[in-house]
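The next block is run_37.cif, given as mmCIF, C-alpha atoms.
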```
data_run
loop_
_atom_site.label_atom_id
_atom_site.label_comp_id
_atom_site.auth_asym_id
_atom_site.auth_seq_id
_atom_site.Cartn_x
_atom_site.Cartn_y
_atom_site.Cartn_z
CA MET M 1 60.82 -1.78 -51.12
CA ASP M 2 62.68 0.17 -48.45
CA LEU M 3 64.05 3.51 -49.66
CA GLN M 4 65.45 4.58 -46.31
CA ARG M 5 69.18 4.86 -46.02
CA LYS M 6 70.72 2.41 -43.62
CA VAL M 7 74.01 3.14 -41.90
CA THR M 8 76.21 0.11 -41.53
CA PRO M 9 78.55 0.29 -38.58
CA ALA M 10 82.24 -0.09 -39.34
CA GLU M 11 84.09 -2.95 -37.75
CA ASN M 12 86.90 -0.72 -36.57
CA PRO M 13 86.06 3.00 -36.28
CA ALA M 14 89.77 3.93 -36.20
CA GLU M 15 90.20 2.67 -39.78
CA ASN M 16 87.54 5.06 -41.13
CA ARG M 17 89.16 8.14 -39.58
CA GLU M 18 92.66 7.35 -40.77
CA MET M 19 93.83 9.17 -43.92
CA TRP M 20 96.03 7.11 -46.16
CA GLU M 21 99.19 8.84 -47.26
CA PHE M 22 100.51 8.22 -50.73
CA ALA M 23 104.14 7.33 -51.08
CA GLU M 24 106.21 10.20 -52.38
CA PRO M 25 108.29 9.34 -55.42
CA GLU M 26 111.98 9.53 -54.84
CA GLU M 27 113.68 12.52 -56.34
CA ARG M 28 115.65 11.71 -59.46
CA GLN M 29 119.26 12.65 -59.64
CA ARG M 30 120.39 14.81 -62.50
CA LEU M 31 122.57 13.17 -65.11
CA ASP M 32 125.10 15.85 -65.93
CA VAL M 33 128.35 15.24 -67.72
CA VAL M 34 130.95 17.09 -65.70
CA MET M 35 134.48 17.09 -66.94
CA VAL M 36 137.10 17.45 -64.27
CA PRO M 37 139.81 19.84 -65.40
CA PRO M 38 143.05 17.97 -66.18
CA GLU M 39 144.94 20.07 -63.62
CA THR M 40 142.96 18.53 -60.73
CA ILE M 41 143.70 14.93 -61.73
CA PRO M 42 146.71 13.44 -59.94
CA SER M 43 149.55 12.69 -62.29
CA GLY M 44 149.71 9.19 -63.65
CA GLU M 45 145.91 8.71 -63.83
CA ASP M 46 144.70 8.98 -67.39
CA ASN M 47 141.49 7.04 -66.93
CA ILE M 48 138.72 8.95 -68.74
CA ALA M 49 136.02 7.09 -66.78
CA ASP M 50 137.20 8.93 -63.66
CA TRP M 51 136.66 12.27 -65.37
CA LEU M 52 132.98 11.71 -65.95
CA SER M 53 130.23 11.79 -63.35
CA VAL M 54 128.00 9.70 -65.66
CA PRO M 55 128.65 6.02 -66.40
CA ALA M 56 129.77 5.08 -69.90
CA GLU M 57 126.41 3.38 -70.60
CA ASP M 58 124.66 6.74 -70.40
CA MET M 59 127.19 8.24 -72.78
CA ALA M 60 126.10 5.76 -75.47
CA GLU M 61 122.65 7.37 -75.41
CA ALA M 62 124.22 10.73 -76.25
CA SER M 63 125.58 9.28 -79.50
CA GLN M 64 122.07 8.40 -80.74
CA PRO M 65 120.93 9.88 -84.06
CA PRO M 66 119.59 13.44 -83.83
CA SER M 67 116.08 13.86 -82.50
CA THR M 68 113.23 15.30 -84.52
CA ARG M 69 113.68 18.67 -82.84
CA GLU M 70 117.37 18.76 -83.75
CA ARG M 71 116.61 17.83 -87.36
CA ILE M 72 114.01 20.61 -87.59
CA VAL M 73 116.43 23.14 -86.12
CA ASN M 74 119.14 22.03 -88.56
CA PHE M 75 116.68 22.30 -91.46
CA TYR M 76 115.75 25.87 -90.55
CA LEU M 77 119.39 26.81 -90.05
CA ALA M 78 120.10 25.52 -93.56
CA LEU M 79 117.18 27.58 -94.89
CA THR M 80 118.57 30.75 -93.34
CA LYS M 81 121.80 30.27 -95.31
CA ILE M 82 120.00 30.32 -98.69
CA ASP M 83 120.67 33.47 -100.70
CA ARG M 84 117.20 34.58 -101.76
CA GLN M 85 118.58 37.08 -104.26
CA SER M 86 120.07 34.29 -106.35
CA ILE M 87 116.72 32.48 -106.87
CA THR M 88 115.27 33.34 -110.26
CA ASP M 89 111.63 33.69 -111.27
CA ALA M 90 111.88 30.61 -113.48
CA GLU M 91 113.07 28.50 -110.54
CA MET M 92 110.05 29.56 -108.46
CA GLN M 93 107.45 28.76 -111.14
CA PRO M 94 107.03 25.06 -110.27
CA ALA M 95 106.67 25.88 -106.57
CA ARG M 96 103.93 28.45 -107.29
CA ILE M 97 102.04 26.00 -109.50
CA GLN M 98 102.32 23.21 -106.92
CA THR M 99 101.10 25.50 -104.14
CA GLY M 100 98.06 26.54 -106.19
CA LEU M 101 97.27 22.93 -107.02
CA LEU M 102 97.70 21.99 -103.37
CA PHE M 103 95.17 24.63 -102.30
CA VAL M 104 92.66 23.57 -104.96
CA GLY M 105 93.11 19.86 -104.22
CA PHE M 106 92.77 20.17 -100.46
CA SER M 107 89.77 22.44 -100.87
CA ALA M 108 88.02 19.89 -103.07
CA LEU M 109 88.95 17.07 -100.69
CA LEU M 110 87.67 18.93 -97.65
CA LEU M 111 84.45 19.96 -99.42
CA MET M 112 83.81 16.32 -100.29
CA TRP M 113 84.53 15.33 -96.68
CA LEU M 114 82.08 17.99 -95.48
CA LEU M 115 79.45 16.76 -97.94
CA LEU M 116 79.91 13.15 -96.83
CA HIS M 117 79.81 14.17 -93.17
CA SER M 118 76.65 16.22 -93.52
CA HIS M 119 74.87 13.51 -95.54
CA THR M 120 75.70 10.77 -93.04
CA ILE M 121 75.01 12.78 -89.87
CA HIS M 122 71.92 14.67 -91.15
CA PRO M 123 70.44 12.64 -94.02
CA GLY M 124 67.04 14.37 -93.84
CA LEU M 125 68.33 17.86 -94.59
CA THR M 126 68.30 19.38 -98.05
CA SER M 127 71.50 20.71 -99.61
CA VAL M 128 70.59 24.29 -98.71
CA GLN M 129 69.89 23.32 -95.10
CA GLN M 130 73.18 21.43 -94.90
CA ILE M 131 75.08 24.47 -96.18
CA GLN M 132 73.23 26.68 -93.70
CA ARG M 133 74.17 24.32 -90.87
CA TYR M 134 77.84 24.00 -91.91
CA TRP M 135 78.36 27.39 -93.56
CA GLU M 136 81.59 28.31 -91.70
CA PRO M 137 83.69 25.34 -92.86
CA TYR M 138 81.96 25.46 -96.26
CA ILE M 139 83.00 29.10 -96.79
CA ALA M 140 86.53 28.41 -95.51
CA PHE M 141 87.01 25.48 -97.90
CA VAL M 142 85.55 27.40 -100.85
CA CYS M 143 87.83 30.38 -100.10
CA MET M 144 90.83 28.06 -99.98
CA GLY M 145 89.90 26.70 -103.41
CA VAL M 146 89.41 30.19 -104.81
CA ALA M 147 92.82 31.22 -103.46
CA GLY M 148 94.40 28.24 -105.23
CA MET M 149 92.62 29.11 -108.47
CA MET M 150 93.85 32.70 -108.17
CA MET M 151 97.44 31.42 -107.73
CA LEU M 152 97.11 29.24 -110.81
CA GLY M 153 95.47 32.04 -112.82
CA ARG M 154 98.19 34.50 -111.85
CA GLU M 155 100.82 31.97 -112.88
CA ALA M 156 99.06 31.36 -116.20
CA MET M 157 99.07 35.11 -116.95
CA ARG M 158 102.79 35.53 -116.24
CA PRO M 159 104.94 35.98 -119.32
CA ARG M 160 106.72 32.83 -120.33
CA VAL M 161 110.35 32.69 -119.38
CA LYS M 162 112.35 31.42 -122.31
CA LEU M 163 115.11 29.16 -121.15
CA PRO M 164 118.23 28.86 -123.31
CA VAL M 165 118.22 25.85 -125.55
CA ASN M 166 121.40 23.90 -126.15
CA GLN M 167 122.23 24.84 -129.71
CA PRO M 168 125.56 24.60 -131.45
CA GLU M 169 127.44 27.86 -131.58
CA SER M 170 127.30 29.73 -134.86
CA VAL M 171 130.42 30.65 -136.79
CA THR M 172 130.08 34.34 -135.90
CA ASP M 173 129.91 33.56 -132.17
CA SER M 174 132.96 31.29 -132.18
CA GLY M 175 135.33 34.23 -131.91
CA SER M 176 137.43 33.45 -134.97
CA THR M 177 139.71 36.25 -135.99
CA GLU M 178 140.79 37.07 -139.45
CA ALA M 179 144.44 37.76 -140.13
#
```
Show me the file's structure as C-alpha coordinates.
Amino acid sequence: MDLQRKVTPAENPAENREMWEFAEPEERQRLDVVMVPPETIPSGEDNIADWLSVPAEDMAEASQPPSTRERIVNFYLALTKIDRQSITDAEMQPARIQTGLLFVGFSALLLMWLLLHSHTIHPGLTSVQQIQRYWEPYIAFVCMGVAGMMMLGREAMRPRVKLPVNQPESVTDSGSTEA
(Lines of atoms letter the chains of each structure in order from A and count residues from 1; the text may use other names and numbers.)
(Lines give C-alpha, C1' and ligand atoms only; values in the text may rest on other atoms or scores of the structure.)
Protein backbone atom coordinates (compact mmCIF):
# COMPACT_ATOMS: atom_id res chain seq x y z
CA MET A 1 0.00 0.00 0.00
CA ASP A 2 1.45 3.33 -1.08
CA LEU A 3 0.67 6.20 1.30
CA GLN A 4 2.67 8.80 -0.58
CA ARG A 5 0.74 11.60 -2.19
CA LYS A 6 0.95 11.65 -5.94
CA VAL A 7 0.50 14.84 -7.90
CA THR A 8 -1.39 14.37 -11.12
CA PRO A 9 -0.49 16.90 -13.78
CA ALA A 10 -3.36 18.93 -15.18
CA GLU A 11 -4.07 18.69 -18.87
CA ASN A 12 -4.22 22.43 -19.29
CA PRO A 13 -2.46 24.48 -16.58
CA ALA A 14 -4.34 27.64 -17.61
CA GLU A 15 -7.65 26.08 -16.52
CA ASN A 16 -6.42 25.53 -12.94
CA ARG A 17 -5.34 29.16 -12.49
CA GLU A 18 -8.54 30.65 -13.84
CA MET A 19 -11.09 31.81 -11.24
CA TRP A 20 -14.67 31.27 -12.26
CA GLU A 21 -16.89 34.28 -11.80
CA PHE A 22 -20.46 33.79 -10.73
CA ALA A 23 -23.13 35.54 -12.71
CA GLU A 24 -24.53 38.54 -10.89
CA PRO A 25 -28.30 38.51 -10.57
CA GLU A 26 -30.00 41.30 -12.39
CA GLU A 27 -31.30 44.07 -10.22
CA ARG A 28 -35.05 43.98 -9.76
CA GLN A 29 -37.06 47.01 -10.59
CA ARG A 30 -39.28 48.46 -7.92
CA LEU A 31 -43.01 48.08 -8.42
CA ASP A 32 -44.37 51.40 -7.22
CA VAL A 33 -47.82 52.67 -7.99
CA VAL A 34 -47.33 56.26 -9.06
CA MET A 35 -50.36 58.31 -9.87
CA VAL A 36 -49.79 61.07 -12.35
CA PRO A 37 -51.59 64.22 -11.24
CA PRO A 38 -54.61 64.92 -13.45
CA GLU A 39 -53.22 68.34 -14.38
CA THR A 40 -50.30 66.76 -16.28
CA ILE A 41 -52.51 64.53 -18.44
CA PRO A 42 -53.36 66.05 -21.81
CA SER A 43 -57.03 66.81 -22.16
CA GLY A 44 -59.14 64.15 -23.78
CA GLU A 45 -57.15 61.21 -22.35
CA ASP A 46 -59.05 59.57 -19.52
CA ASN A 47 -57.33 56.21 -19.71
CA ILE A 48 -56.52 55.13 -16.14
CA ALA A 49 -53.96 52.58 -17.39
CA ASP A 50 -51.80 55.50 -18.51
CA TRP A 51 -51.82 56.94 -15.00
CA LEU A 52 -50.23 53.90 -13.43
CA SER A 53 -46.62 52.82 -13.73
CA VAL A 54 -47.62 49.24 -12.80
CA PRO A 55 -49.60 46.97 -15.13
CA ALA A 56 -53.17 46.11 -14.17
CA GLU A 57 -52.18 42.48 -13.44
CA ASP A 58 -50.04 43.64 -10.53
CA MET A 59 -52.92 45.71 -9.19
CA ALA A 60 -54.99 42.54 -8.80
CA GLU A 61 -52.45 41.31 -6.24
CA ALA A 62 -53.07 44.43 -4.16
CA SER A 63 -56.73 43.46 -3.79
CA GLN A 64 -55.83 40.14 -2.13
CA PRO A 65 -57.24 39.45 1.35
CA PRO A 66 -55.27 41.03 4.19
CA SER A 67 -52.07 39.31 5.21
CA THR A 68 -51.49 37.80 8.63
CA ARG A 69 -49.54 40.87 9.71
CA GLU A 70 -52.39 43.18 8.71
CA ARG A 71 -54.92 41.02 10.56
CA ILE A 72 -52.77 41.09 13.71
CA VAL A 73 -52.39 44.87 13.49
CA ASN A 74 -56.15 45.26 13.02
CA PHE A 75 -56.79 42.97 15.99
CA TYR A 76 -54.55 45.03 18.26
CA LEU A 77 -56.07 48.27 17.02
CA ALA A 78 -59.50 46.89 17.93
CA LEU A 79 -58.19 45.95 21.38
CA THR A 80 -56.95 49.48 22.00
CA LYS A 81 -60.49 50.79 21.44
CA ILE A 82 -61.96 48.67 24.27
CA ASP A 83 -62.98 50.70 27.30
CA ARG A 84 -61.41 48.82 30.19
CA GLN A 85 -63.40 50.76 32.77
CA SER A 86 -66.65 49.28 31.48
CA ILE A 87 -65.56 45.64 32.03
CA THR A 88 -67.02 44.30 35.26
CA ASP A 89 -65.52 41.78 37.67
CA ALA A 90 -68.20 39.24 36.80
CA GLU A 91 -67.28 39.43 33.11
CA MET A 92 -63.62 38.69 33.90
CA GLN A 93 -64.33 35.64 36.09
CA PRO A 94 -64.46 33.07 33.25
CA ALA A 95 -61.23 34.42 31.76
CA ARG A 96 -59.42 34.12 35.11
CA ILE A 97 -60.65 30.55 35.60
CA GLN A 98 -59.66 29.56 32.05
CA THR A 99 -56.20 31.07 32.48
CA GLY A 100 -55.64 29.15 35.72
CA LEU A 101 -56.82 25.92 34.12
CA LEU A 102 -54.59 26.59 31.13
CA PHE A 103 -51.53 26.98 33.37
CA VAL A 104 -52.34 23.81 35.33
CA GLY A 105 -53.10 21.79 32.19
CA PHE A 106 -49.98 22.82 30.31
CA SER A 107 -47.87 22.23 33.39
CA ALA A 108 -49.21 18.69 33.73
CA LEU A 109 -48.76 18.06 30.01
CA LEU A 110 -45.18 19.31 30.02
CA LEU A 111 -44.32 17.34 33.16
CA MET A 112 -45.62 14.19 31.50
CA TRP A 113 -43.60 15.00 28.37
CA LEU A 114 -40.49 15.49 30.52
CA LEU A 115 -41.13 12.18 32.29
CA LEU A 116 -41.59 10.35 28.99
CA HIS A 117 -38.48 12.00 27.54
CA SER A 118 -36.29 11.16 30.52
CA HIS A 119 -37.52 7.54 30.67
CA THR A 120 -36.89 6.93 26.96
CA ILE A 121 -33.53 8.72 26.74
CA HIS A 122 -32.13 7.56 30.12
CA PRO A 123 -33.98 4.37 31.10
CA GLY A 124 -31.34 3.30 33.64
CA LEU A 125 -31.69 6.34 35.88
CA THR A 126 -33.85 6.39 38.98
CA SER A 127 -36.56 9.03 39.41
CA VAL A 128 -34.33 11.11 41.69
CA GLN A 129 -31.46 10.98 39.20
CA GLN A 130 -33.80 11.97 36.37
CA ILE A 131 -35.04 14.97 38.35
CA GLN A 132 -31.45 15.91 39.18
CA ARG A 133 -30.54 15.73 35.49
CA TYR A 134 -33.59 17.70 34.30
CA TRP A 135 -34.18 19.91 37.35
CA GLU A 136 -34.44 23.24 35.46
CA PRO A 137 -37.40 22.32 33.23
CA TYR A 138 -38.90 20.28 36.08
CA ILE A 139 -38.89 23.32 38.41
CA ALA A 140 -40.22 25.59 35.64
CA PHE A 141 -43.13 23.26 34.88
CA VAL A 142 -43.95 22.75 38.56
CA CYS A 143 -43.89 26.53 39.14
CA MET A 144 -46.25 27.02 36.19
CA GLY A 145 -48.66 24.50 37.72
CA VAL A 146 -48.44 26.16 41.13
CA ALA A 147 -49.15 29.55 39.54
CA GLY A 148 -52.26 28.09 37.89
CA MET A 149 -53.41 26.58 41.18
CA MET A 150 -52.90 29.94 42.89
CA MET A 151 -55.06 31.62 40.21
CA LEU A 152 -57.80 29.05 40.71
CA GLY A 153 -57.55 29.30 44.51
CA ARG A 154 -57.75 33.08 44.41
CA GLU A 155 -60.80 32.85 42.17
CA ALA A 156 -62.42 30.32 44.50
CA MET A 157 -61.94 32.67 47.48
CA ARG A 158 -63.49 35.67 45.72
CA PRO A 159 -66.96 36.57 46.92
CA ARG A 160 -69.67 35.35 44.62
CA VAL A 161 -71.15 37.98 42.38
CA LYS A 162 -74.91 37.65 42.40
CA LEU A 163 -76.30 38.30 38.98
CA PRO A 164 -79.87 39.61 38.71
CA VAL A 165 -82.40 36.92 38.01
CA ASN A 166 -85.29 37.59 35.67
CA GLN A 167 -88.21 37.79 38.06
CA PRO A 168 -91.56 39.40 37.49
CA GLU A 169 -91.86 42.86 38.95
CA SER A 170 -93.71 43.12 42.22
CA VAL A 171 -96.76 45.32 42.64
CA THR A 172 -94.85 47.85 44.75
CA ASP A 173 -92.16 48.25 42.07
CA SER A 174 -94.62 48.76 39.23
CA GLY A 175 -94.99 52.44 40.02
CA SER A 176 -98.76 52.48 40.40
CA THR A 177 -100.10 55.65 41.91
CA GLU A 178 -103.11 55.98 44.05
CA ALA A 179 -105.61 58.72 43.33
- Which neighbours of Ala140 (chain M) fall inside 12 Å, counting all atoms listed in the file, when residues of the same chain fewer than 4 positions from it are skipped, and could you give them as a ChimeraX atom specification? /M:103,106-108,110-111,114,134-136,144-147
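From CA of Val142 (chain M) back to CA of Ala156 (chain M), the distance works out to 20.8 Å.
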Box in all listed atoms of region 137-155 of chain M, axis-aligned, with 6 Å more on each side; write out centre and edge lengths in Å to one decimal as lines of an AutoDock Vina configuration file.
```
center_x = 91.4
center_y = 29.9
center_z = -102.9
size_x = 30.9
size_y = 21.2
size_z = 32.0
```
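Among the candidate residues M:Gln93, M:Thr80, M:Gln130, M:Ser86, the one lying nearest to His117 (chain M) is M:Gln130, with distances computed using all atoms listed in the file.
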- Please measure the separation of CA of Asp83 (chain M) and CA of Met149 (chain M), giving the value in Å to one decimal. 29.4 Å
- Can you list, as a list in words, every protein, DNA or RNA residue that comes within 8 Å of Ile97 (chain M) when you count all atoms listed in the file, leaving out same-chain residues fewer than 4 positions away? Gln93, Leu101, Met151, Leu152 and Glu155 of chain M
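CA of Phe75 (chain M) to CA of Val104 (chain M) spans 27.6 Å [interatomic distance, one decimal].
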Quick test: take region 105-124 of chain M, keep N, CA, C and O atoms, and write it as a PDB file, in the first residue's frame.
```
ATOM      1  N   GLY M 105     -53.078  22.818  33.237  1.00  0.00           N
ATOM      2  CA  GLY M 105     -53.101  21.794  32.193  1.00  0.00           C
ATOM      3  C   GLY M 105     -51.791  21.703  31.430  1.00  0.00           C
ATOM      4  O   GLY M 105     -51.255  20.609  31.209  1.00  0.00           O
ATOM      5  N   PHE M 106     -51.246  22.852  31.024  1.00  0.00           N
ATOM      6  CA  PHE M 106     -49.977  22.821  30.307  1.00  0.00           C
ATOM      7  C   PHE M 106     -48.847  22.345  31.203  1.00  0.00           C
ATOM      8  O   PHE M 106     -47.935  21.660  30.741  1.00  0.00           O
ATOM      9  N   SER M 107     -48.891  22.710  32.460  1.00  0.00           N
ATOM     10  CA  SER M 107     -47.868  22.227  33.390  1.00  0.00           C
ATOM     11  C   SER M 107     -47.903  20.715  33.493  1.00  0.00           C
ATOM     12  O   SER M 107     -46.856  20.049  33.424  1.00  0.00           O
ATOM     13  N   ALA M 108     -49.086  20.150  33.644  1.00  0.00           N
ATOM     14  CA  ALA M 108     -49.206  18.691  33.732  1.00  0.00           C
ATOM     15  C   ALA M 108     -48.766  18.026  32.433  1.00  0.00           C
ATOM     16  O   ALA M 108     -48.052  17.014  32.447  1.00  0.00           O
ATOM     17  N   LEU M 109     -49.148  18.609  31.301  1.00  0.00           N
ATOM     18  CA  LEU M 109     -48.759  18.057  30.010  1.00  0.00           C
ATOM     19  C   LEU M 109     -47.246  18.091  29.828  1.00  0.00           C
ATOM     20  O   LEU M 109     -46.630  17.103  29.402  1.00  0.00           O
ATOM     21  N   LEU M 110     -46.626  19.198  30.175  1.00  0.00           N
ATOM     22  CA  LEU M 110     -45.177  19.312  30.016  1.00  0.00           C
ATOM     23  C   LEU M 110     -44.421  18.427  31.004  1.00  0.00           C
ATOM     24  O   LEU M 110     -43.362  17.892  30.672  1.00  0.00           O
ATOM     25  N   LEU M 111     -44.951  18.261  32.208  1.00  0.00           N
ATOM     26  CA  LEU M 111     -44.315  17.338  33.160  1.00  0.00           C
ATOM     27  C   LEU M 111     -44.387  15.903  32.657  1.00  0.00           C
ATOM     28  O   LEU M 111     -43.415  15.142  32.784  1.00  0.00           O
ATOM     29  N   MET M 112     -45.508  15.527  32.058  1.00  0.00           N
ATOM     30  CA  MET M 112     -45.617  14.187  31.500  1.00  0.00           C
ATOM     31  C   MET M 112     -44.675  14.011  30.309  1.00  0.00           C
ATOM     32  O   MET M 112     -44.063  12.961  30.132  1.00  0.00           O
ATOM     33  N   TRP M 113     -44.547  15.051  29.479  1.00  0.00           N
ATOM     34  CA  TRP M 113     -43.600  14.999  28.373  1.00  0.00           C
ATOM     35  C   TRP M 113     -42.180  14.847  28.884  1.00  0.00           C
ATOM     36  O   TRP M 113     -41.391  14.063  28.338  1.00  0.00           O
ATOM     37  N   LEU M 114     -41.828  15.590  29.935  1.00  0.00           N
ATOM     38  CA  LEU M 114     -40.492  15.487  30.521  1.00  0.00           C
ATOM     39  C   LEU M 114     -40.256  14.101  31.099  1.00  0.00           C
ATOM     40  O   LEU M 114     -39.168  13.518  30.937  1.00  0.00           O
ATOM     41  N   LEU M 115     -41.243  13.533  31.744  1.00  0.00           N
ATOM     42  CA  LEU M 115     -41.130  12.183  32.294  1.00  0.00           C
ATOM     43  C   LEU M 115     -40.941  11.157  31.175  1.00  0.00           C
ATOM     44  O   LEU M 115     -40.053  10.288  31.259  1.00  0.00           O
ATOM     45  N   LEU M 116     -41.719  11.264  30.128  1.00  0.00           N
ATOM     46  CA  LEU M 116     -41.587  10.348  28.991  1.00  0.00           C
ATOM     47  C   LEU M 116     -40.221  10.496  28.330  1.00  0.00           C
ATOM     48  O   LEU M 116     -39.556   9.501  28.016  1.00  0.00           O
ATOM     49  N   HIS M 117     -39.782  11.728  28.161  1.00  0.00           N
ATOM     50  CA  HIS M 117     -38.479  11.996  27.544  1.00  0.00           C
ATOM     51  C   HIS M 117     -37.343  11.410  28.376  1.00  0.00           C
ATOM     52  O   HIS M 117     -36.450  10.755  27.845  1.00  0.00           O
ATOM     53  N   SER M 118     -37.389  11.644  29.671  1.00  0.00           N
ATOM     54  CA  SER M 118     -36.288  11.158  30.521  1.00  0.00           C
ATOM     55  C   SER M 118     -36.293   9.634  30.630  1.00  0.00           C
ATOM     56  O   SER M 118     -35.233   9.016  30.730  1.00  0.00           O
ATOM     57  N   HIS M 119     -37.467   9.009  30.596  1.00  0.00           N
ATOM     58  CA  HIS M 119     -37.519   7.545  30.665  1.00  0.00           C
ATOM     59  C   HIS M 119     -37.060   6.887  29.363  1.00  0.00           C
ATOM     60  O   HIS M 119     -36.504   5.797  29.391  1.00  0.00           O
ATOM     61  N   THR M 120     -37.315   7.533  28.226  1.00  0.00           N
ATOM     62  CA  THR M 120     -36.894   6.932  26.963  1.00  0.00           C
ATOM     63  C   THR M 120     -35.429   7.209  26.661  1.00  0.00           C
ATOM     64  O   THR M 120     -34.738   6.351  26.106  1.00  0.00           O
ATOM     65  N   ILE M 121     -34.930   8.380  27.017  1.00  0.00           N
ATOM     66  CA  ILE M 121     -33.533   8.718  26.737  1.00  0.00           C
ATOM     67  C   ILE M 121     -32.597   8.081  27.765  1.00  0.00           C
ATOM     68  O   ILE M 121     -31.532   7.583  27.412  1.00  0.00           O
ATOM     69  N   HIS M 122     -32.972   8.100  29.033  1.00  0.00           N
ATOM     70  CA  HIS M 122     -32.128   7.558  30.120  1.00  0.00           C
ATOM     71  C   HIS M 122     -32.929   6.534  30.917  1.00  0.00           C
ATOM     72  O   HIS M 122     -33.336   6.810  32.055  1.00  0.00           O
ATOM     73  N   PRO M 123     -33.143   5.340  30.389  1.00  0.00           N
ATOM     74  CA  PRO M 123     -33.984   4.371  31.100  1.00  0.00           C
ATOM     75  C   PRO M 123     -33.326   3.799  32.360  1.00  0.00           C
ATOM     76  O   PRO M 123     -34.025   3.306  33.243  1.00  0.00           O
ATOM     77  N   GLY M 124     -32.018   3.885  32.490  1.00  0.00           N
ATOM     78  CA  GLY M 124     -31.344   3.300  33.643  1.00  0.00           C
ATOM     79  C   GLY M 124     -31.326   4.180  34.871  1.00  0.00           C
ATOM     80  O   GLY M 124     -30.955   3.724  35.961  1.00  0.00           O
TER      81      GLY M 124
END
```
